[in-house]
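Engineer: Right, I'll just put the structure down here and ask away after.
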Amino acid sequence: MTTLTKIPEDDVLVREPGPQELSPQRTHRRRRALEVSLAVAVPVVLLLVWQLAAVQGWIDDRIYPAPQTIVEDGWQRAADGELWPDVWATLKRVLGGYAIGTVSGYALGLLMGSLSLVRAALEPLLDALYVVPKLALLPIFLNMFGLGEGPQIALVATTVFFFVWISTMAAVLAVPAGHRDAGTVFGASPWQMFRHVLLPASLPAVLVGARIAAGVAVLVIVASESIAAADGLGHLIFDARALFQNDVMFVGIVCVALLGVLFSELVRLGGRLLTPWAPRDRGRSQS
């Protein structure tokens with residue numbers, strides 16, 4: 001015989017719905033507004049402190065010019081047309097090297113992730129080359145291509161290649177076996193297996209590697225231009241430092257930062273358009 005026990009009302013836990021359940025859209029907008037406010041407020045406060053320190057003489061403004069001085073100098077150089085040739089020189093090297101490195105790294109990553117014999121043959125060699133500092137390869141590229149754009153583009157392409165190759169191969173290997181088995185059961189051809197199984201499952205991780213490579217490409221080209229280039233933002237920064245033109249040096253640094261952020265965000269936006277099914281790292285929450 002079943003005995004029913006009455007539960008005292010004091011032992012019943014009742015959870016009232018919170019703001020997130022009652023008004024998820026409003027909660028999200030408030031959260032997003034707070035995130036944007038913090039993202040803007042932190043650099044603004046740092047710049048104000050820097051400006052105040054330079055004006056009050058807490059720091060030597062000959063070494064660390066005030067932000068106002070940097071902005072005015074950058075605006076003047078841009079208006080006079082002195083800044084754009086260096087920006088364009090760096091930009092075309094980054095875009096050219098990034099395109100070559102991304103395509104080659106993605107193709108080889110897919111091949112090595114799909115074919116175990118190819119992976120066994122090439123992975124030890126590529127692992128050894130990966131740990132070599134990429135700037136150490138610049139003299140080799142100078143011997144191969146001579147002075148000019150070739151060494152700069154080759155260095156960026158090599159750097160990007162390794163990031164994209166590693167992320168692509170790892171992403172393909174991480175595709176669950178159940179996905180592959182399902183494709184096999186339905187009689188998918190090799191192209192259909194790639195198009196409908198491997199590509200959708202691995203592309204989000206591949207694009208994360210491509211986004212990281214975008215930022216690293218800007219770092220590498222600046223270092224390369226400081227060593228073996230007659231123009232570009234890297235050349236501008238180190239040439240200005242040698243001439244003790246610290247305001248010009250900071251103008252170059254700001255341009256590099258803006259270029260890196262813009263390039264990385266463009267890659268991120270492209271990734272969101274290509275993979276609408278993937279969770280987003282920013283923006284609307286996935287609830």
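Scheme for the structure tokens: letters A, B, ... for chains in order shown; per-chain residue numbers from 1; ligand numbers from 1 in order shown.
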Report as a PyMOL selection string all protein, DNA and RNA residues lying within 8 Å of region 238-246 of chain A, evaluated on only C-alpha atoms, omitting residues in the same chain fewer than 4 positions from it.
Structural biologist: chain A and resi 62-65+226+234+250
Engineer: Save the residues we just selected, C-alpha atoms, as a short mmCIF file (atom, residue, chain, number, x, y, z; two decimals), in the first residue's frame?
Structural biologist:
data_model
loop_
_atom_site.label_atom_id
_atom_site.label_comp_id
_atom_site.auth_asym_id
_atom_site.auth_seq_id
_atom_site.Cartn_x
_atom_site.Cartn_y
_atom_site.Cartn_z
CA ARG A 62 59.97 64.58 -24.73
CA ILE A 63 60.03 60.80 -24.29
CA TYR A 64 56.31 60.22 -23.73
CA PRO A 65 54.45 62.95 -25.65
CA SER A 226 62.16 47.87 -39.13
CA GLY A 234 57.59 49.58 -38.99
CA PHE A 250 53.81 57.10 -31.29
#
Engineer: Need to verify the contact set: Phe194 (chain A), 12 Å, only C-alpha atoms, exclusion of same-chain residues closer than 6 positions in sequence. Can you return it as a ChimeraX atom specification?
Structural biologist: /A:110-111,113-114,172,175,179-180,183-184,188,200-203
Engineer: Record the distance separating CA of Ala171 (chain A) and CA of Val156 (chain A), expressed in Å with one decimal.
Structural biologist: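 For CA of Ala171 (chain A) relative to CA of Val156 (chain A), the distance reads 22.5 Å.
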Engineer: Can you work out which one of A:Leu269, A:Leu233, A:Ile70, A:Ala53 has the shortest atom-to-atom distance to Val220 (chain A), counting only C-alpha atoms?
Structural biologist: A:Leu233
Engineer: Taking the backbone alone, and naming residues the way the document does, which bits of region 118-199 of chain A are alpha helix (DSSP H) by DSSP, as a tab-separated table (two decimals) with all heavy atoms, in the first residue's frame?
Structural biologist:
chain	number	residue	atom	x	y	z
A	118	VAL	N	49.78	11.25	-44.97
A	118	VAL	CA	50.35	12.58	-45.25
A	118	VAL	C	50.73	13.27	-43.95
A	118	VAL	O	51.79	13.91	-43.85
A	118	VAL	CB	49.33	13.43	-46.04
A	118	VAL	CG1	49.88	14.83	-46.27
A	118	VAL	CG2	49.00	12.77	-47.37
A	119	ARG	N	49.89	13.12	-42.94
A	119	ARG	CA	50.21	13.72	-41.63
A	119	ARG	C	51.46	13.10	-41.03
A	119	ARG	O	52.32	13.82	-40.49
A	119	ARG	CB	49.01	13.54	-40.70
A	119	ARG	CG	49.18	14.22	-39.34
A	119	ARG	CD	47.87	14.29	-38.58
A	119	ARG	NE	47.35	12.97	-38.24
A	119	ARG	CZ	46.32	12.41	-38.81
A	119	ARG	NH1	45.68	13.01	-39.80
A	119	ARG	NH2	45.89	11.21	-38.42
A	120	ALA	N	51.61	11.80	-41.13
A	120	ALA	CA	52.79	11.14	-40.59
A	120	ALA	C	54.06	11.57	-41.32
A	120	ALA	O	55.13	11.66	-40.72
A	120	ALA	CB	52.62	9.62	-40.68
A	121	ALA	N	53.94	11.84	-42.62
A	121	ALA	CA	55.11	12.21	-43.40
A	121	ALA	C	55.55	13.65	-43.17
A	121	ALA	O	56.75	13.95	-43.13
A	121	ALA	CB	54.83	11.98	-44.90
A	122	LEU	N	54.60	14.56	-42.99
A	122	LEU	CA	54.93	15.99	-42.98
A	122	LEU	C	54.92	16.63	-41.60
A	122	LEU	O	55.58	17.65	-41.40
A	122	LEU	CB	53.95	16.75	-43.88
A	122	LEU	CG	53.98	16.39	-45.37
A	122	LEU	CD1	52.96	17.24	-46.13
A	122	LEU	CD2	55.36	16.57	-45.96
A	123	GLU	N	54.19	16.06	-40.66
A	123	GLU	CA	54.03	16.74	-39.38
A	123	GLU	C	55.34	16.93	-38.61
A	123	GLU	O	55.58	18.03	-38.07
A	123	GLU	CB	53.02	16.00	-38.50
A	123	GLU	CG	52.64	16.78	-37.26
A	123	GLU	CD	51.48	16.16	-36.50
A	123	GLU	OE1	51.15	14.99	-36.80
A	123	GLU	OE2	50.93	16.83	-35.62
A	124	PRO	N	56.25	15.95	-38.54
A	124	PRO	CA	57.50	16.20	-37.82
A	124	PRO	C	58.31	17.35	-38.41
A	124	PRO	O	58.88	18.17	-37.68
A	124	PRO	CB	58.25	14.86	-37.94
A	124	PRO	CG	57.17	13.85	-38.15
A	124	PRO	CD	56.13	14.53	-38.97
A	125	LEU	N	58.38	17.41	-39.74
A	125	LEU	CA	59.14	18.48	-40.39
A	125	LEU	C	58.51	19.84	-40.12
A	125	LEU	O	59.21	20.81	-39.77
A	125	LEU	CB	59.20	18.22	-41.89
A	125	LEU	CG	59.84	19.34	-42.74
A	125	LEU	CD1	61.29	19.55	-42.35
A	125	LEU	CD2	59.71	19.01	-44.23
A	126	LEU	N	57.19	19.93	-40.25
A	126	LEU	CA	56.52	21.22	-40.03
A	126	LEU	C	56.57	21.63	-38.56
A	126	LEU	O	56.67	22.82	-38.25
A	126	LEU	CB	55.07	21.12	-40.50
A	126	LEU	CG	54.89	20.97	-42.02
A	126	LEU	CD1	53.43	20.79	-42.37
A	126	LEU	CD2	55.46	22.18	-42.75
A	127	ASP	N	56.52	20.67	-37.66
A	127	ASP	CA	56.66	20.99	-36.24
A	127	ASP	C	58.03	21.60	-35.95
A	127	ASP	O	58.15	22.54	-35.15
A	127	ASP	CB	56.46	19.74	-35.38
A	127	ASP	CG	55.00	19.34	-35.26
A	127	ASP	OD1	54.13	20.20	-35.53
A	127	ASP	OD2	54.72	18.18	-34.92
A	128	ALA	N	59.05	21.06	-36.59
A	128	ALA	CA	60.40	21.60	-36.39
A	128	ALA	C	60.52	23.01	-36.96
A	128	ALA	O	61.15	23.89	-36.35
A	128	ALA	CB	61.42	20.67	-37.05
A	129	LEU	N	59.91	23.24	-38.12
A	129	LEU	CA	59.97	24.57	-38.73
A	129	LEU	C	59.12	25.58	-37.96
A	129	LEU	O	59.43	26.77	-37.94
A	129	LEU	CB	59.50	24.50	-40.18
A	129	LEU	CG	60.41	23.72	-41.13
A	129	LEU	CD1	59.77	23.63	-42.51
A	129	LEU	CD2	61.78	24.36	-41.22
A	130	TYR	N	58.07	25.11	-37.33
A	130	TYR	CA	57.16	26.01	-36.62
A	130	TYR	C	57.86	26.73	-35.47
A	130	TYR	O	57.59	27.91	-35.20
A	130	TYR	CB	55.96	25.23	-36.10
A	130	TYR	CG	55.08	26.00	-35.16
A	130	TYR	CD1	54.32	27.07	-35.61
A	130	TYR	CD2	55.02	25.67	-33.80
A	130	TYR	CE1	53.52	27.79	-34.74
A	130	TYR	CE2	54.22	26.38	-32.93
A	130	TYR	CZ	53.48	27.44	-33.41
A	130	TYR	OH	52.69	28.16	-32.54
A	138	LEU	N	64.10	35.84	-42.28
A	138	LEU	CA	64.18	37.01	-43.15
A	138	LEU	C	65.44	37.06	-44.00
A	138	LEU	O	65.37	37.36	-45.20
A	138	LEU	CB	64.04	38.29	-42.31
A	138	LEU	CG	64.00	39.61	-43.10
A	138	LEU	CD1	62.86	39.61	-44.10
A	138	LEU	CD2	63.88	40.79	-42.14
A	139	PRO	N	66.64	36.75	-43.46
A	139	PRO	CA	67.83	36.73	-44.33
A	139	PRO	C	67.71	35.73	-45.48
A	139	PRO	O	68.19	36.00	-46.59
A	139	PRO	CB	68.97	36.35	-43.37
A	139	PRO	CG	68.49	36.77	-42.03
A	139	PRO	CD	67.00	36.54	-42.04
A	140	ILE	N	67.07	34.58	-45.22
A	140	ILE	CA	66.88	33.60	-46.29
A	140	ILE	C	65.98	34.18	-47.38
A	140	ILE	O	66.26	34.05	-48.58
A	140	ILE	CB	66.28	32.31	-45.72
A	140	ILE	CG1	67.24	31.69	-44.71
A	140	ILE	CG2	65.96	31.32	-46.84
A	140	ILE	CD1	66.69	30.45	-44.02
A	141	PHE	N	64.90	34.83	-46.97
A	141	PHE	CA	63.99	35.42	-47.96
A	141	PHE	C	64.65	36.57	-48.71
A	141	PHE	O	64.37	36.80	-49.89
A	141	PHE	CB	62.71	35.89	-47.27
A	141	PHE	CG	61.87	34.78	-46.73
A	141	PHE	CD1	61.22	34.90	-45.51
A	141	PHE	CD2	61.73	33.59	-47.43
A	141	PHE	CE1	60.44	33.88	-45.01
A	141	PHE	CE2	60.96	32.54	-46.94
A	141	PHE	CZ	60.32	32.69	-45.73
A	142	LEU	N	65.54	37.29	-48.04
A	142	LEU	CA	66.27	38.36	-48.74
A	142	LEU	C	67.19	37.77	-49.80
A	142	LEU	O	67.34	38.33	-50.89
A	142	LEU	CB	67.07	39.19	-47.73
A	142	LEU	CG	66.26	40.13	-46.83
A	142	LEU	CD1	67.15	40.71	-45.73
A	142	LEU	CD2	65.65	41.26	-47.65
A	143	ASN	N	67.82	36.65	-49.49
A	143	ASN	CA	68.66	35.98	-50.48
A	143	ASN	C	67.83	35.43	-51.64
A	143	ASN	O	68.28	35.41	-52.79
A	143	ASN	CB	69.46	34.84	-49.83
A	143	ASN	CG	70.51	35.35	-48.87
A	143	ASN	OD1	70.99	36.48	-49.00
A	143	ASN	ND2	70.87	34.54	-47.89
A	144	MET	N	66.63	34.97	-51.33
A	144	MET	CA	65.78	34.37	-52.36
A	144	MET	C	65.14	35.43	-53.26
A	144	MET	O	65.11	35.29	-54.49
A	144	MET	CB	64.68	33.52	-51.71
A	144	MET	CG	65.20	32.28	-50.99
A	144	MET	SD	63.88	31.44	-50.06
A	144	MET	CE	62.74	31.04	-51.38
A	145	PHE	N	64.60	36.48	-52.66
A	145	PHE	CA	63.80	37.46	-53.41
A	145	PHE	C	64.48	38.80	-53.59
A	145	PHE	O	63.99	39.63	-54.37
A	145	PHE	CB	62.46	37.68	-52.70
A	145	PHE	CG	61.65	36.43	-52.53
A	145	PHE	CD1	61.53	35.83	-51.28
A	145	PHE	CD2	61.02	35.84	-53.60
A	145	PHE	CE1	60.78	34.68	-51.10
A	145	PHE	CE2	60.26	34.68	-53.43
A	145	PHE	CZ	60.15	34.10	-52.19
A	149	GLU	N	59.43	43.96	-52.09
A	149	GLU	CA	58.25	43.46	-51.42
A	149	GLU	C	58.31	41.96	-51.13
A	149	GLU	O	57.68	41.48	-50.20
A	149	GLU	CB	57.00	43.74	-52.28
A	149	GLU	CG	56.79	45.22	-52.60
A	149	GLU	CD	56.58	46.03	-51.34
A	149	GLU	OE1	55.82	45.59	-50.46
A	149	GLU	OE2	57.19	47.11	-51.23
A	150	GLY	N	59.06	41.22	-51.93
A	150	GLY	CA	59.07	39.77	-51.81
A	150	GLY	C	59.39	39.25	-50.43
A	150	GLY	O	58.63	38.42	-49.88
A	151	PRO	N	60.49	39.66	-49.80
A	151	PRO	CA	60.82	39.14	-48.47
A	151	PRO	C	59.76	39.47	-47.42
A	151	PRO	O	59.47	38.64	-46.55
A	151	PRO	CB	62.15	39.82	-48.14
A	151	PRO	CG	62.73	40.19	-49.46
A	151	PRO	CD	61.57	40.52	-50.33
A	152	GLN	N	59.18	40.67	-47.50
A	152	GLN	CA	58.17	41.05	-46.51
A	152	GLN	C	56.92	40.19	-46.64
A	152	GLN	O	56.39	39.67	-45.64
A	152	GLN	CB	57.79	42.53	-46.71
A	152	GLN	CG	58.95	43.48	-46.92
A	152	GLN	CD	59.84	43.59	-45.71
A	152	GLN	OE1	59.38	43.40	-44.59
A	152	GLN	NE2	61.11	43.90	-45.91
A	153	ILE	N	56.45	40.01	-47.87
A	153	ILE	CA	55.26	39.20	-48.09
A	153	ILE	C	55.52	37.74	-47.73
A	153	ILE	O	54.67	37.06	-47.13
A	153	ILE	CB	54.80	39.33	-49.56
A	153	ILE	CG1	54.35	40.77	-49.83
A	153	ILE	CG2	53.68	38.35	-49.86
A	153	ILE	CD1	53.96	41.03	-51.27
A	154	ALA	N	56.70	37.24	-48.08
A	154	ALA	CA	57.03	35.84	-47.78
A	154	ALA	C	57.07	35.61	-46.27
A	154	ALA	O	56.63	34.55	-45.79
A	154	ALA	CB	58.36	35.47	-48.42
A	155	LEU	N	57.59	36.57	-45.53
A	155	LEU	CA	57.66	36.40	-44.08
A	155	LEU	C	56.27	36.38	-43.46
A	155	LEU	O	55.98	35.55	-42.58
A	155	LEU	CB	58.50	37.53	-43.47
A	155	LEU	CG	58.88	37.36	-42.00
A	155	LEU	CD1	59.79	36.17	-41.82
A	155	LEU	CD2	59.55	38.63	-41.48
A	156	VAL	N	55.40	37.27	-43.90
A	156	VAL	CA	54.02	37.27	-43.39
A	156	VAL	C	53.31	35.98	-43.78
A	156	VAL	O	52.62	35.36	-42.97
A	156	VAL	CB	53.26	38.50	-43.93
A	156	VAL	CG1	51.78	38.41	-43.53
A	156	VAL	CG2	53.87	39.78	-43.39
A	157	ALA	N	53.48	35.55	-45.03
A	157	ALA	CA	52.83	34.33	-45.50
A	157	ALA	C	53.28	33.11	-44.70
A	157	ALA	O	52.47	32.25	-44.33
A	157	ALA	CB	53.12	34.12	-46.98
A	158	THR	N	54.58	33.04	-44.40
A	158	THR	CA	55.09	31.91	-43.62
A	158	THR	C	54.51	31.90	-42.21
A	158	THR	O	54.12	30.86	-41.68
A	158	THR	CB	56.63	31.97	-43.55
A	158	THR	OG1	57.16	31.97	-44.88
A	158	THR	CG2	57.19	30.80	-42.78
A	159	THR	N	54.46	33.07	-41.60
A	159	THR	CA	53.90	33.16	-40.24
A	159	THR	C	52.44	32.76	-40.22
A	159	THR	O	52.01	31.97	-39.37
A	159	THR	CB	54.06	34.60	-39.72
A	159	THR	OG1	55.44	34.98	-39.76
A	159	THR	CG2	53.55	34.71	-38.30
A	160	VAL	N	51.66	33.31	-41.13
A	160	VAL	CA	50.23	33.00	-41.18
A	160	VAL	C	50.00	31.53	-41.50
A	160	VAL	O	49.09	30.89	-40.96
A	160	VAL	CB	49.54	33.91	-42.21
A	160	VAL	CG1	48.09	33.48	-42.44
A	160	VAL	CG2	49.60	35.37	-41.76
A	161	PHE	N	50.82	30.98	-42.40
A	161	PHE	CA	50.67	29.59	-42.81
A	161	PHE	C	50.65	28.65	-41.60
A	161	PHE	O	49.79	27.78	-41.50
A	161	PHE	CB	51.81	29.20	-43.75
A	161	PHE	CG	51.97	27.71	-43.92
A	161	PHE	CD1	51.16	27.01	-44.81
A	161	PHE	CD2	52.91	27.00	-43.18
A	161	PHE	CE1	51.29	25.63	-44.96
A	161	PHE	CE2	53.04	25.63	-43.32
A	161	PHE	CZ	52.24	24.95	-44.22
A	162	PHE	N	51.58	28.82	-40.68
A	162	PHE	CA	51.68	27.89	-39.56
A	162	PHE	C	50.48	28.00	-38.63
A	162	PHE	O	49.98	26.99	-38.13
A	162	PHE	CB	52.98	28.12	-38.80
A	162	PHE	CG	54.18	27.52	-39.47
A	162	PHE	CD1	55.06	28.30	-40.19
A	162	PHE	CD2	54.41	26.16	-39.40
A	162	PHE	CE1	56.16	27.74	-40.82
A	162	PHE	CE2	55.51	25.59	-40.02
A	162	PHE	CZ	56.38	26.38	-40.74
A	163	PHE	N	49.99	29.22	-38.39
A	163	PHE	CA	48.82	29.37	-37.53
A	163	PHE	C	47.59	28.73	-38.17
A	163	PHE	O	46.82	28.03	-37.49
A	163	PHE	CB	48.56	30.85	-37.26
A	163	PHE	CG	49.42	31.44	-36.19
A	163	PHE	CD1	50.64	32.00	-36.48
A	163	PHE	CD2	49.01	31.42	-34.87
A	163	PHE	CE1	51.45	32.53	-35.49
A	163	PHE	CE2	49.80	31.96	-33.86
A	163	PHE	CZ	51.02	32.51	-34.18
A	164	VAL	N	47.40	28.96	-39.45
A	164	VAL	CA	46.22	28.41	-40.12
A	164	VAL	C	46.35	26.91	-40.28
A	164	VAL	O	45.38	26.15	-40.11
A	164	VAL	CB	46.00	29.11	-41.48
A	164	VAL	CG1	44.83	28.47	-42.22
A	164	VAL	CG2	45.76	30.60	-41.28
A	165	TRP	N	47.54	26.44	-40.61
A	165	TRP	CA	47.75	25.00	-40.78
A	165	TRP	C	47.45	24.24	-39.49
A	165	TRP	O	46.73	23.24	-39.49
A	165	TRP	CB	49.19	24.73	-41.21
A	165	TRP	CG	49.64	23.33	-40.92
A	165	TRP	CD1	49.15	22.17	-41.48
A	165	TRP	CD2	50.62	22.91	-39.96
A	165	TRP	NE1	49.78	21.07	-40.94
A	165	TRP	CE2	50.69	21.50	-40.01
A	165	TRP	CE3	51.47	23.60	-39.10
A	165	TRP	CZ2	51.57	20.77	-39.20
A	165	TRP	CZ3	52.34	22.88	-38.30
A	165	TRP	CH2	52.39	21.49	-38.35
A	166	ILE	N	47.98	24.71	-38.37
A	166	ILE	CA	47.77	24.03	-37.09
A	166	ILE	C	46.30	24.03	-36.71
A	166	ILE	O	45.74	23.00	-36.32
A	166	ILE	CB	48.63	24.68	-35.99
A	166	ILE	CG1	50.11	24.39	-36.22
A	166	ILE	CG2	48.21	24.17	-34.61
A	166	ILE	CD1	51.03	25.10	-35.26
A	167	SER	N	45.65	25.19	-36.82
A	167	SER	CA	44.24	25.26	-36.42
A	167	SER	C	43.36	24.41	-37.34
A	167	SER	O	42.40	23.77	-36.88
A	167	SER	CB	43.76	26.71	-36.42
A	167	SER	OG	43.85	27.27	-37.72
A	168	THR	N	43.68	24.38	-38.64
A	168	THR	CA	42.87	23.60	-39.57
A	168	THR	C	43.04	22.11	-39.33
A	168	THR	O	42.05	21.36	-39.25
A	168	THR	CB	43.26	23.93	-41.02
A	168	THR	OG1	43.08	25.33	-41.26
A	168	THR	CG2	42.42	23.13	-42.00
A	169	MET	N	44.27	21.65	-39.20
A	169	MET	CA	44.51	20.23	-38.96
A	169	MET	C	43.87	19.78	-37.65
A	169	MET	O	43.22	18.73	-37.58
A	169	MET	CB	46.01	19.94	-38.95
A	169	MET	CG	46.34	18.46	-38.80
A	169	MET	SD	48.13	18.12	-38.87
A	169	MET	CE	48.67	18.94	-37.36
A	170	ALA	N	44.04	20.58	-36.61
A	170	ALA	CA	43.44	20.22	-35.32
A	170	ALA	C	41.91	20.21	-35.40
A	170	ALA	O	41.26	19.35	-34.79
A	170	ALA	CB	43.91	21.19	-34.25
A	171	ALA	N	41.35	21.15	-36.14
A	171	ALA	CA	39.89	21.21	-36.26
A	171	ALA	C	39.35	20.01	-37.01
A	171	ALA	O	38.31	19.44	-36.63
A	171	ALA	CB	39.48	22.50	-36.96
A	172	VAL	N	40.03	19.59	-38.07
A	172	VAL	CA	39.58	18.43	-38.84
A	172	VAL	C	39.69	17.16	-37.99
A	172	VAL	O	38.80	16.31	-37.98
A	172	VAL	CB	40.38	18.29	-40.14
A	172	VAL	CG1	40.03	16.99	-40.86
A	172	VAL	CG2	40.10	19.48	-41.06
A	173	LEU	N	40.78	17.03	-37.26
A	173	LEU	CA	40.95	15.84	-36.41
A	173	LEU	C	39.94	15.81	-35.26
A	173	LEU	O	39.62	14.73	-34.75
A	173	LEU	CB	42.37	15.81	-35.83
A	173	LEU	CG	43.51	15.56	-36.83
A	173	LEU	CD1	44.86	15.70	-36.16
A	173	LEU	CD2	43.37	14.17	-37.45
A	177	ALA	N	33.75	11.39	-34.52
A	177	ALA	CA	33.67	10.22	-35.40
A	177	ALA	C	32.24	9.94	-35.81
A	177	ALA	O	31.98	9.41	-36.91
A	177	ALA	CB	34.27	9.00	-34.69
A	178	GLY	N	31.28	10.29	-34.96
A	178	GLY	CA	29.88	10.08	-35.31
A	178	GLY	C	29.45	10.85	-36.54
A	178	GLY	O	28.62	10.37	-37.33
A	179	HIS	N	30.02	12.06	-36.72
A	179	HIS	CA	29.71	12.85	-37.91
A	179	HIS	C	30.18	12.12	-39.16
A	179	HIS	O	29.47	12.03	-40.17
A	179	HIS	CB	30.36	14.22	-37.82
A	179	HIS	CG	29.78	15.11	-36.77
A	179	HIS	ND1	29.07	14.63	-35.69
A	179	HIS	CD2	29.79	16.47	-36.64
A	179	HIS	CE1	28.68	15.64	-34.93
A	179	HIS	NE2	29.11	16.76	-35.49
A	180	ARG	N	31.40	11.62	-39.10
A	180	ARG	CA	31.96	10.90	-40.25
A	180	ARG	C	31.17	9.61	-40.52
A	180	ARG	O	30.90	9.28	-41.67
A	180	ARG	CB	33.43	10.57	-40.00
A	180	ARG	CG	34.32	11.77	-39.71
A	180	ARG	CD	35.70	11.31	-39.30
A	180	ARG	NE	36.53	12.41	-38.82
A	180	ARG	CZ	37.41	13.05	-39.58
A	180	ARG	NH1	37.59	12.70	-40.84
A	180	ARG	NH2	38.14	14.04	-39.08
A	181	ASP	N	30.83	8.91	-39.45
A	181	ASP	CA	30.08	7.67	-39.62
A	181	ASP	C	28.72	7.93	-40.26
A	181	ASP	O	28.25	7.14	-41.10
A	181	ASP	CB	29.89	6.97	-38.27
A	181	ASP	CG	31.21	6.48	-37.68
A	181	ASP	OD1	32.17	6.34	-38.45
A	181	ASP	OD2	31.27	6.26	-36.45
A	182	ALA	N	28.09	9.03	-39.86
A	182	ALA	CA	26.79	9.36	-40.44
A	182	ALA	C	26.92	9.61	-41.94
A	182	ALA	O	26.09	9.17	-42.73
A	182	ALA	CB	26.19	10.58	-39.74
A	183	GLY	N	27.98	10.34	-42.33
A	183	GLY	CA	28.20	10.58	-43.75
A	183	GLY	C	28.45	9.29	-44.51
A	183	GLY	O	27.96	9.11	-45.63
A	184	THR	N	29.20	8.39	-43.90
A	184	THR	CA	29.49	7.11	-44.55
A	184	THR	C	28.23	6.27	-44.71
A	184	THR	O	27.99	5.65	-45.76
A	184	THR	CB	30.53	6.33	-43.74
A	184	THR	OG1	31.72	7.13	-43.61
A	184	THR	CG2	30.88	5.02	-44.42
A	185	VAL	N	27.39	6.25	-43.66
A	185	VAL	CA	26.15	5.48	-43.72
A	185	VAL	C	25.24	5.98	-44.84
A	185	VAL	O	24.59	5.18	-45.53
A	185	VAL	CB	25.43	5.56	-42.36
A	185	VAL	CG1	24.00	5.02	-42.47
A	185	VAL	CG2	26.20	4.78	-41.31
A	190	PRO	N	33.59	11.46	-51.27
A	190	PRO	CA	34.61	12.26	-50.60
A	190	PRO	C	34.30	13.76	-50.63
A	190	PRO	O	34.52	14.46	-49.63
A	190	PRO	CB	35.88	11.92	-51.38
A	190	PRO	CG	35.64	10.54	-51.88
A	190	PRO	CD	34.18	10.46	-52.18
A	191	TRP	N	33.81	14.26	-51.77
A	191	TRP	CA	33.48	15.69	-51.85
A	191	TRP	C	32.29	16.02	-50.93
A	191	TRP	O	32.29	17.04	-50.23
A	191	TRP	CB	33.15	16.08	-53.28
A	191	TRP	CG	32.49	17.42	-53.39
A	191	TRP	CD1	31.21	17.69	-53.75
A	191	TRP	CD2	33.07	18.70	-53.08
A	191	TRP	NE1	30.94	19.03	-53.71
A	191	TRP	CE2	32.08	19.68	-53.30
A	191	TRP	CE3	34.33	19.11	-52.64
A	191	TRP	CZ2	32.31	21.04	-53.11
A	191	TRP	CZ3	34.56	20.47	-52.45
A	191	TRP	CH2	33.56	21.42	-52.68
A	192	GLN	N	31.26	15.16	-50.91
A	192	GLN	CA	30.12	15.39	-50.04
A	192	GLN	C	30.52	15.30	-48.57
A	192	GLN	O	30.00	16.06	-47.74
A	192	GLN	CB	29.01	14.38	-50.36
A	192	GLN	CG	28.35	14.60	-51.70
A	192	GLN	CD	27.39	13.48	-52.06
A	192	GLN	OE1	27.60	12.33	-51.68
A	192	GLN	NE2	26.33	13.82	-52.80
A	193	MET	N	31.43	14.39	-48.25
A	193	MET	CA	31.92	14.28	-46.88
A	193	MET	C	32.61	15.58	-46.46
A	193	MET	O	32.41	16.08	-45.34
A	193	MET	CB	32.88	13.11	-46.75
A	193	MET	CG	33.41	12.88	-45.34
A	193	MET	SD	32.17	12.24	-44.21
A	193	MET	CE	32.09	10.53	-44.77
A	199	LEU	N	33.75	20.35	-43.47
A	199	LEU	CA	33.80	21.81	-43.56
A	199	LEU	C	32.94	22.50	-42.51
A	199	LEU	O	33.45	23.35	-41.76
A	199	LEU	CB	33.39	22.25	-44.97
A	199	LEU	CG	33.44	23.76	-45.23
A	199	LEU	CD1	34.87	24.27	-45.07
A	199	LEU	CD2	32.91	24.08	-46.62
Engineer: For Ile212 (chain A), which residue out of A:Leu117, A:Val267, A:Ala78, A:Ala89 is the nearest one, using only C-alpha atoms?
Structural biologist: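 For Ile212 (chain A), the nearest of the candidates is A:Val267.
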Engineer: Check which residues of region 145-232 of chain A sit at most 10 Å from region 271-276 of chain A using only C-alpha atoms, and return one row each with the closest pair of atoms and their distance in Å to one decimal, ordered by chain and rising number, as a tab-separated table.
Structural biologist:
residue	atom	partner	partner_atom	distance
A:Pro200	CA	A:Thr275	CA	7.7
A:Ala201	CA	A:Thr275	CA	9.8
A:Leu203	CA	A:Thr275	CA	7.3
A:Pro204	CA	A:Thr275	CA	6.5
A:Ala205	CA	A:Gly271	CA	9.9
A:Val206	CA	A:Gly271	CA	9.3
A:Leu207	CA	A:Gly271	CA	5.9
A:Val208	CA	A:Gly271	CA	8.2
A:Ala210	CA	A:Gly271	CA	9.0
A:Arg211	CA	A:Gly271	CA	8.6
Engineer: What's the separation between CA of Gly148 (chain A) and CA of Gly215 (chain A), in Å to one decimal place?
Structural biologist: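 Between CA of Gly148 (chain A) and CA of Gly215 (chain A) the gap works out to 22.8 Å.
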Engineer: At what distance in Å, to one decimal, does CA of Ser104 (chain A) lie from CA of Val218 (chain A)?
Structural biologist: 18.6 Å
